[in-house]
Amino acid sequence: AVCMGGLCLLLHFTWQTVFPGQRVAQDKTFLRSWLAGSAVGVAVIAALVCYRQTVYSDDAINYFAKQTLLFGSFGQSGFYGIHVLLESLLTADYKMFMNLFISVPYLFTGHSINAFMVCYAITCFVPMWFALLMGAKYLAQQLPACHTALYYPLCMAVMVLWPMFLWPATHGMPDAFGLTFAAVIALLCADYRFETLPWPRLLAIFAATFALILTRRWYMFWILAFYAVYVLAVLVGAVRRKTLGSTLKHMLLFGVPSAVIIVGALLPTFKTILTTDYADIYGAYYGGGFGNNCLGQLRTQGLIWLVLCAAGLVWLLYCRSTRAQAIVAAAASLGAMVLFTRTQSLGDHQSLILAPFYLLMLFGLC
């Protein structure tokens, strides 16, 4: 409940920062689209997981097993439960961070894996759709003559019916929850150029980054790529405005302490990452490097889907107001894919590191 409260505060702050002077309740089209789309999304997931009889294994069972372990640990002793939770958050590849958000509704179910998936559809994906729809709203404000009565439902339909999202979502993997924090980071950075140091915004960016690292290890590839491209874009703009000195100073004042805190707090995690040969562990699943994974995206996403994304990219690049965002999103996803495919191939759930790019292009097309 504390985690959900913190997430709601983060989303509320992001809304107030990105859309100053606007209240969620005032944008009735946005609110109706989000609520109706979320209801459809949860219903689709529930229908897909409940109508079939499936034997789950490997990645499909990991987080269900984590939930069972978490409940069992706290059932033995509160201190032992806290020990298991902290050990998972600080050291494990598969952390119990997402399980914290799932626990409250799951507590009142029969503790089946189907109930587990329906619970994370409610507690993880509903706020994720809100964050992503905020991204769609921000984009709509940059483009001329956007008819939101049609635009928001189209964006929600893209999100809740996307097969790349539905497959892991209906196979025990709540990994798409990380897109909530990726959307918050992108929104808070979209019009921020480090000309000043607004600490509430910076603390929200820090919190979202920290949470995204706790969600899944491989989201760090997106974090590294996004911040590298974002910093480069901000510095180029600072050179043009002749404010490079102050901009760089503000970046260092925020970036260095943030990196020290994150690395210090998660030092066991980073030690594990640096000392583990993931290329060897996942060698049996490695289907080739960057080129083969591009072909894999063509096979899994489909030619029509990629053509639609390309059309959205062309439109966003054509519009001057969205050109920078499109370039940053494309470059960040490209960088994340290059980094990830050096050791692993993009599976159905790891492909979610490309979702911010895909969705931005499709929102542009909508």
# chains A, B, ... in the order shown; residues from 1 in each chain; ligands from 1
$ closest_atom_pairs --of "stretch 142-238 of chain A" --to "stretch 85-105 of chain A" --cutoff "10 Å" --atoms "only C-alpha atoms" --output "JSON lines"
{"residue": "A:Pro174", "atom": "CA", "partner": "A:Met98", "partner_atom": "CA", "distance": 7.6}
{"residue": "A:Asp175", "atom": "CA", "partner": "A:Met98", "partner_atom": "CA", "distance": 8.4}
{"residue": "A:Phe177", "atom": "CA", "partner": "A:Met98", "partner_atom": "CA", "distance": 7.7}
{"residue": "A:Gly178", "atom": "CA", "partner": "A:Met98", "partner_atom": "CA", "distance": 9.0}
{"residue": "A:Ala211", "atom": "CA", "partner": "A:Phe97", "partner_atom": "CA", "distance": 8.2}
{"residue": "A:Leu212", "atom": "CA", "partner": "A:Phe97", "partner_atom": "CA", "distance": 9.7}
{"residue": "A:Ile213", "atom": "CA", "partner": "A:Phe97", "partner_atom": "CA", "distance": 9.8}
{"residue": "A:Leu214", "atom": "CA", "partner": "A:Phe97", "partner_atom": "CA", "distance": 6.1}
{"residue": "A:Thr215", "atom": "CA", "partner": "A:Phe97", "partner_atom": "CA", "distance": 6.1}
{"residue": "A:Arg216", "atom": "CA", "partner": "A:Tyr94", "partner_atom": "CA", "distance": 6.9}
{"residue": "A:Arg217", "atom": "CA", "partner": "A:Asp93", "partner_atom": "CA", "distance": 6.4}
{"residue": "A:Trp218", "atom": "CA", "partner": "A:Asp93", "partner_atom": "CA", "distance": 9.5}
$ write_last_selection --atoms "N, CA, C and O atoms" --output "compact mmCIF listing (two decimals), in the first residue's frame"
# COMPACT_ATOMS: atom_id res chain seq x y z
N PRO A 174 5.21 -9.46 -15.33
CA PRO A 174 4.71 -8.08 -15.23
C PRO A 174 5.75 -7.04 -15.63
O PRO A 174 5.71 -5.90 -15.16
N ASP A 175 6.70 -7.42 -16.49
CA ASP A 175 7.85 -6.57 -16.79
C ASP A 175 7.48 -5.22 -17.39
O ASP A 175 8.24 -4.25 -17.25
N PHE A 177 5.62 -3.14 -16.35
CA PHE A 177 5.46 -2.14 -15.29
C PHE A 177 6.58 -1.10 -15.34
O PHE A 177 6.39 0.07 -14.99
N GLY A 178 7.77 -1.51 -15.79
CA GLY A 178 8.88 -0.58 -15.88
C GLY A 178 8.62 0.59 -16.81
O GLY A 178 9.22 1.67 -16.65
N ALA A 211 13.65 3.34 -9.33
CA ALA A 211 12.58 2.34 -9.41
C ALA A 211 12.70 1.50 -10.68
O ALA A 211 12.44 0.30 -10.66
N LEU A 212 13.09 2.13 -11.78
CA LEU A 212 13.22 1.40 -13.04
C LEU A 212 14.34 0.37 -12.96
O LEU A 212 14.21 -0.75 -13.49
N ILE A 213 15.42 0.71 -12.28
CA ILE A 213 16.52 -0.26 -12.08
C ILE A 213 16.03 -1.44 -11.25
O ILE A 213 16.38 -2.60 -11.52
N LEU A 214 15.20 -1.17 -10.23
CA LEU A 214 14.68 -2.24 -9.38
C LEU A 214 13.68 -3.13 -10.11
O LEU A 214 13.44 -4.27 -9.70
N THR A 215 13.08 -2.61 -11.19
CA THR A 215 12.04 -3.38 -11.89
C THR A 215 12.63 -4.57 -12.61
O THR A 215 12.25 -5.72 -12.37
N ARG A 216 13.53 -4.34 -13.55
CA ARG A 216 14.24 -5.41 -14.24
C ARG A 216 15.64 -4.94 -14.58
O ARG A 216 15.84 -3.79 -14.96
N ARG A 217 16.61 -5.85 -14.50
CA ARG A 217 18.01 -5.51 -14.77
C ARG A 217 18.20 -4.91 -16.15
O ARG A 217 18.92 -3.93 -16.34
N TRP A 218 17.53 -5.48 -17.16
CA TRP A 218 17.82 -5.05 -18.53
C TRP A 218 17.22 -3.69 -18.87
O TRP A 218 17.54 -3.14 -19.92
$ closest_residue --among "A:Leu150, A:Leu48, A:Val307, A:Val328" --to "A:Cys189" --atoms "only C-alpha atoms"
A:Val328
$ closest_residue --among "A:Leu143, A:Leu133, A:Cys366, A:Val234" --to "A:Gly37" --atoms "only C-alpha atoms"
A:Leu133
$ residues_around --residues "A:Val42" --least-positions-apart "6" --cutoff "10 Å" --atoms "only C-alpha atoms" --output "mmCIF file with all heavy atoms, in the first residue's frame"
data_model
loop_
_atom_site.group_PDB
_atom_site.id
_atom_site.type_symbol
_atom_site.label_atom_id
_atom_site.label_comp_id
_atom_site.auth_asym_id
_atom_site.auth_seq_id
_atom_site.Cartn_x
_atom_site.Cartn_y
_atom_site.Cartn_z
ATOM 1 N N LEU A 48 -7.694 -13.933 -21.297
ATOM 2 C CA LEU A 48 -6.649 -14.746 -21.925
ATOM 3 C C LEU A 48 -6.007 -15.722 -20.948
ATOM 4 O O LEU A 48 -5.617 -16.825 -21.339
ATOM 5 C CB LEU A 48 -5.575 -13.834 -22.531
ATOM 6 C CG LEU A 48 -5.977 -13.060 -23.791
ATOM 7 C CD1 LEU A 48 -4.888 -12.070 -24.198
ATOM 8 C CD2 LEU A 48 -6.267 -14.017 -24.952
ATOM 9 N N MET A 117 -1.719 -13.001 -12.028
ATOM 10 C CA MET A 117 -1.635 -12.212 -13.259
ATOM 11 C C MET A 117 -2.738 -11.157 -13.329
ATOM 12 O O MET A 117 -2.508 -10.039 -13.791
ATOM 13 C CB MET A 117 -1.677 -13.144 -14.480
ATOM 14 C CG MET A 117 -0.378 -13.906 -14.689
ATOM 15 S SD MET A 117 -0.309 -14.844 -16.238
ATOM 16 C CE MET A 117 -1.132 -16.337 -15.743
ATOM 17 N N VAL A 118 -3.937 -11.493 -12.865
ATOM 18 C CA VAL A 118 -5.012 -10.492 -12.846
ATOM 19 C C VAL A 118 -4.673 -9.373 -11.867
ATOM 20 O O VAL A 118 -4.921 -8.195 -12.145
ATOM 21 C CB VAL A 118 -6.350 -11.153 -12.480
ATOM 22 C CG1 VAL A 118 -7.436 -10.098 -12.294
ATOM 23 C CG2 VAL A 118 -6.774 -12.147 -13.557
ATOM 24 N N CYS A 119 -4.062 -9.715 -10.729
ATOM 25 C CA CYS A 119 -3.693 -8.706 -9.733
ATOM 26 C C CYS A 119 -2.654 -7.736 -10.291
ATOM 27 O O CYS A 119 -2.764 -6.522 -10.089
ATOM 28 C CB CYS A 119 -3.168 -9.366 -8.465
ATOM 29 S SG CYS A 119 -4.446 -10.130 -7.450
ATOM 30 N N TYR A 120 -1.636 -8.263 -10.985
ATOM 31 C CA TYR A 120 -0.649 -7.302 -11.501
ATOM 32 C C TYR A 120 -1.182 -6.526 -12.701
ATOM 33 O O TYR A 120 -0.696 -5.428 -12.996
ATOM 34 C CB TYR A 120 0.718 -7.941 -11.761
ATOM 35 C CG TYR A 120 0.890 -8.913 -12.898
ATOM 36 C CD1 TYR A 120 0.657 -8.572 -14.220
ATOM 37 C CD2 TYR A 120 1.405 -10.190 -12.651
ATOM 38 C CE1 TYR A 120 0.883 -9.463 -15.256
ATOM 39 C CE2 TYR A 120 1.649 -11.096 -13.675
ATOM 40 C CZ TYR A 120 1.383 -10.724 -14.981
ATOM 41 O OH TYR A 120 1.624 -11.616 -16.009
ATOM 42 N N ALA A 121 -2.198 -7.053 -13.376
ATOM 43 C CA ALA A 121 -2.839 -6.247 -14.421
ATOM 44 C C ALA A 121 -3.479 -5.001 -13.814
ATOM 45 O O ALA A 121 -3.442 -3.913 -14.401
ATOM 46 C CB ALA A 121 -3.886 -7.076 -15.163
ATOM 47 N N ILE A 122 -4.027 -5.158 -12.607
ATOM 48 C CA ILE A 122 -4.699 -4.035 -11.943
ATOM 49 C C ILE A 122 -3.693 -3.081 -11.304
ATOM 50 O O ILE A 122 -3.758 -1.862 -11.494
ATOM 51 C CB ILE A 122 -5.684 -4.559 -10.882
ATOM 52 C CG1 ILE A 122 -6.793 -5.376 -11.552
ATOM 53 C CG2 ILE A 122 -6.278 -3.408 -10.067
ATOM 54 C CD1 ILE A 122 -7.674 -6.141 -10.578
ATOM 55 N N PHE A 125 -0.313 -2.489 -14.354
ATOM 56 C CA PHE A 125 -0.555 -2.015 -15.718
ATOM 57 C C PHE A 125 -1.493 -0.813 -15.780
ATOM 58 O O PHE A 125 -1.355 0.029 -16.664
ATOM 59 C CB PHE A 125 -1.092 -3.155 -16.590
ATOM 60 C CG PHE A 125 -0.110 -4.276 -16.770
ATOM 61 C CD1 PHE A 125 -0.526 -5.537 -17.140
ATOM 62 C CD2 PHE A 125 1.246 -4.079 -16.553
ATOM 63 C CE1 PHE A 125 0.371 -6.575 -17.311
ATOM 64 C CE2 PHE A 125 2.163 -5.109 -16.709
ATOM 65 C CZ PHE A 125 1.716 -6.357 -17.085
ATOM 66 N N VAL A 126 -2.443 -0.719 -14.862
ATOM 67 C CA VAL A 126 -3.348 0.445 -14.872
ATOM 68 C C VAL A 126 -2.567 1.742 -14.655
ATOM 69 O O VAL A 126 -2.735 2.702 -15.415
ATOM 70 C CB VAL A 126 -4.485 0.269 -13.848
ATOM 71 C CG1 VAL A 126 -5.278 1.563 -13.699
ATOM 72 C CG2 VAL A 126 -5.415 -0.872 -14.279
ATOM 73 N N VAL A 160 -3.230 -1.398 -25.001
ATOM 74 C CA VAL A 160 -3.815 -2.563 -24.330
ATOM 75 C C VAL A 160 -3.938 -3.773 -25.250
ATOM 76 O O VAL A 160 -4.059 -4.905 -24.767
ATOM 77 C CB VAL A 160 -5.188 -2.229 -23.715
ATOM 78 C CG1 VAL A 160 -5.065 -1.071 -22.745
ATOM 79 C CG2 VAL A 160 -6.236 -1.945 -24.767
#
$ residues_around --residues "stretch 241-258 of chain A" --least-positions-apart "4" --cutoff "12 Å" --atoms "only C-alpha atoms" --output "PyMOL selection string"
chain A and resi 192-210+227-228+230-237+262-265
$ closest_residue --among "A:Leu313, A:Ala60, A:Ala131, A:Leu139" --to "A:Phe13" --atoms "only C-alpha atoms"
A:Ala131
$ residues_around --residues "A:Ile113" --least-positions-apart "5" --cutoff "12 Å" --atoms "only C-alpha atoms" --output "PyMOL selection string"
chain A and resi 46+49-50+53-57+60-68+106+118-120+170-173
$ select_by_dssp --residues "stretch 245-352 of chain A" --states "helix (DSSP H, G or I)" --output "JSON, numbers by chain"
{"A": [245, 246, 247, 248, 249, 250, 251, 252, 253, 254, 255, 256, 257, 258, 259, 260, 261, 262, 263, 264, 265, 267, 268, 269, 270, 271, 272, 273, 274, 275, 278, 279, 280, 281, 283, 284, 285, 290, 291, 292, 293, 294, 295, 296, 297, 298, 299, 300, 301, 303, 304, 305, 306, 307, 308, 309, 310, 311, 312, 313, 314, 315, 316, 317, 318, 320, 321, 322, 323, 324, 325, 326, 327, 328, 329, 330, 331, 332, 333, 334, 335, 336, 337, 338, 339, 340, 350, 351, 352]}
